[in-house]
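J.: Let me begin by handing over the structure; questions about it come next.
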Amino acid sequence: MKDYIILNKDKLIRTFKWTAIILTTALCVWTYYKCDSGNCFIGTDFILGLIMTLFILPTFSIVLETIQNYIEYRRTEKFFDSKPMNELFKNGFRKDLTGKESKWFLSKVNGVGQFDNYNMICEVVSGRLRVIAKTNYDHLDTWDNKEIDFILQSFRHVRFEYDGDGIATSLKMSEVKKMSYESLVTHLSDFVKLLKKLKVE
């Protein structure tokens, strides 16, 4: 946990400051309009409000966000270190931190590598392993939907999702944990076959 906080220290401090500024500004604006209508806060209430918006609420928000993201971070790391994923990381894939350049989003761990000449990203989202092939699929806009559906029907066991970085497939983490490395490779191979059928490069 300590290393995770140090890794995201600047982002957490920035988020804390802006949360405090926004909440305190809202309190001051609300107090101004209350006073304008003749229902002013007494001094102690306003001071307590400032303590809440400047310290207590931002701290609570940051602690909650950090715990949630850390749990997801550790869960992903543990999943990547277990079979069959750890075999994937022994065969060309490596761990990478996302959001390193982001000023706001806390870092997450992903897997990056190549599979059958496709650059791929492995990420864990909502209990699923998503494998994203970084591709350009603009040409599919010119295809008839029936053509795409016909190809997808041939690969019904391969989940197909559009993604901002390309095209993705996904599996439940519980399913992946039951798979052998060979089964995982077979699934990725079928995913690549689907991409090639769709002429996605």
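Letters for chains follow the order of the structure tokens (A, B, ...), residue numbers begin at 1 for each chain, and ligand numbers begin at 1 in the order shown.
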Pick out the residues sitting within 7 Å of A:Ile132, and hand them over as a ChimeraX atom specification; count only C-alpha atoms, and ignore anything fewer than 4 positions along from it in its own chain.
T.: /A:120-122,166-169
J.: Please, could you write that set of residues out with C-alpha atoms as a CSV table (one decimal), in the first residue's frame?
T.:
```
chain,number,residue,atom,x,y,z
A,120,MET,CA,-2.0,-6.2,-27.5
A,121,ILE,CA,-3.0,-4.8,-24.1
A,122,CYS,CA,-4.3,-7.0,-21.3
A,166,GLY,CA,-8.7,-1.2,-31.2
A,167,ILE,CA,-10.8,-4.4,-31.0
A,168,ALA,CA,-11.0,-6.4,-27.8
A,169,THR,CA,-12.1,-9.8,-26.6
```
J.: Which neighbours of A:Ala26 fall inside 12 Å, counting only C-alpha atoms, when residues of the same chain fewer than 5 positions from it are skipped, and could you give them as a VMD selection string?
T.: chain A and resid 19 to 21 31 to 33 49 to 50 53 to 54
J.: Include C-alpha atoms and write out the residues we just selected as a short mmCIF file (atom, residue, chain, number, x, y, z; two decimals), in the first residue's frame.
T.:
```
data_model
loop_
_atom_site.label_atom_id
_atom_site.label_comp_id
_atom_site.auth_asym_id
_atom_site.auth_seq_id
_atom_site.Cartn_x
_atom_site.Cartn_y
_atom_site.Cartn_z
CA THR A 19 -11.63 18.66 -3.95
CA ALA A 20 -11.09 21.05 -1.02
CA ILE A 21 -11.24 24.12 -3.31
CA THR A 31 -23.52 30.68 2.65
CA TYR A 32 -23.61 33.94 0.66
CA TYR A 33 -27.06 33.17 -0.75
CA GLY A 49 -18.37 23.84 7.58
CA LEU A 50 -14.92 25.06 6.52
CA THR A 53 -14.86 21.09 3.23
CA LEU A 54 -11.16 21.87 3.66
#
```
J.: For a test of reading the model, state the distance in Å between atom CA of A:Lys11 and atom CA of A:Leu106, rounded to one decimal.
T.: 7.0 Å
J.: Can you list, as a PyMOL selection string, all residues belonging to stretch 68-200 of chain A that DSSP tags as alpha helix (DSSP H)?
T.: chain A and resi 68-80+85-89+145-154+173-178+181-197
J.: Restrict the selected residues to C-alpha atoms and save them as a tab-separated table (two decimals), in the first residue's frame.
T.:
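The resulting file, selection_38.tsv, is reproduced below:
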```tsv
chain	number	residue	atom	x	y	z
A	68	GLN	CA	-10.67	1.12	-4.04
A	69	ASN	CA	-7.92	1.57	-6.63
A	70	TYR	CA	-5.33	-0.25	-4.54
A	71	ILE	CA	-7.62	-3.26	-4.12
A	72	GLU	CA	-8.08	-3.37	-7.92
A	73	TYR	CA	-4.33	-2.90	-8.44
A	74	ARG	CA	-3.43	-5.78	-6.10
A	75	ARG	CA	-6.16	-8.00	-7.51
A	76	THR	CA	-4.81	-7.44	-11.03
A	77	GLU	CA	-1.21	-8.11	-9.98
A	78	LYS	CA	-2.23	-11.31	-8.20
A	79	PHE	CA	-4.21	-12.42	-11.26
A	80	PHE	CA	-1.28	-11.72	-13.60
A	85	MET	CA	-1.41	-15.52	-17.07
A	86	ASN	CA	2.08	-15.83	-15.60
A	87	GLU	CA	2.98	-18.09	-18.54
A	88	LEU	CA	1.91	-15.31	-20.90
A	89	PHE	CA	4.32	-12.96	-19.13
A	145	ASN	CA	-23.62	-5.28	-40.95
A	146	LYS	CA	-24.66	-8.67	-42.35
A	147	GLU	CA	-21.07	-9.28	-43.51
A	148	ILE	CA	-19.71	-8.54	-40.03
A	149	ASP	CA	-22.43	-10.60	-38.32
A	150	PHE	CA	-21.72	-13.57	-40.62
A	151	ILE	CA	-18.04	-13.56	-39.61
A	152	LEU	CA	-18.85	-13.09	-35.93
A	153	GLN	CA	-21.21	-16.07	-36.05
A	154	SER	CA	-18.25	-18.21	-37.11
A	173	MET	CA	-11.33	-13.97	-14.64
A	174	SER	CA	-12.82	-17.09	-13.05
A	175	GLU	CA	-12.84	-18.78	-16.48
A	176	VAL	CA	-9.25	-17.78	-17.23
A	177	LYS	CA	-8.04	-19.24	-13.91
A	178	LYS	CA	-9.45	-22.63	-14.93
A	181	TYR	CA	-1.80	-21.85	-20.90
A	182	GLU	CA	-2.43	-23.80	-24.12
A	183	SER	CA	-6.17	-23.06	-23.88
A	184	LEU	CA	-5.48	-19.36	-23.38
A	185	VAL	CA	-3.17	-19.32	-26.40
A	186	THR	CA	-5.84	-21.12	-28.45
A	187	HIS	CA	-8.41	-18.49	-27.47
A	188	LEU	CA	-6.03	-15.68	-28.47
A	189	SER	CA	-5.27	-17.48	-31.73
A	190	ASP	CA	-8.98	-17.66	-32.51
A	191	PHE	CA	-9.25	-13.96	-31.68
A	192	VAL	CA	-6.47	-13.23	-34.17
A	193	LYS	CA	-8.19	-15.38	-36.80
A	194	LEU	CA	-11.32	-13.29	-36.28
A	195	LEU	CA	-9.32	-10.08	-36.73
A	196	LYS	CA	-7.82	-11.41	-39.96
A	197	LYS	CA	-11.25	-12.43	-41.26
```
J.: Quick check for you: according to DSSP on this backbone, which residues of stretch 37-149 of chain A are classed as strand (DSSP E or B)? Reply as a list in words.
T.: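 Secondary structure check on stretch 37-149 of chain A, strand (DSSP E or B): Arg94, Lys95, Asp96, Leu97, Thr98, Lys108, Val109, Asn110, Gly111, Val112, Gly113, Gln114, Phe115, Tyr118, Asn119, Met120, Ile121, Cys122, Glu123, Val124, Val125, Arg128, Leu129, Arg130, Val131, Ile132, Ala133 and Lys134 of chain A.
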J.: Out of A:Leu7, A:Ile22, A:Leu57, A:Leu198, which residue has the shortest atom-to-atom distance to A:Thr98 when counting only C-alpha atoms?
T.: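 The closest residue to A:Thr98 is A:Leu7.
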J.: Between A:Val158, A:Ile47, A:Met1, A:Ile13, single out the one closest to A:Leu27, counting only C-alpha atoms.
T.: A:Ile47
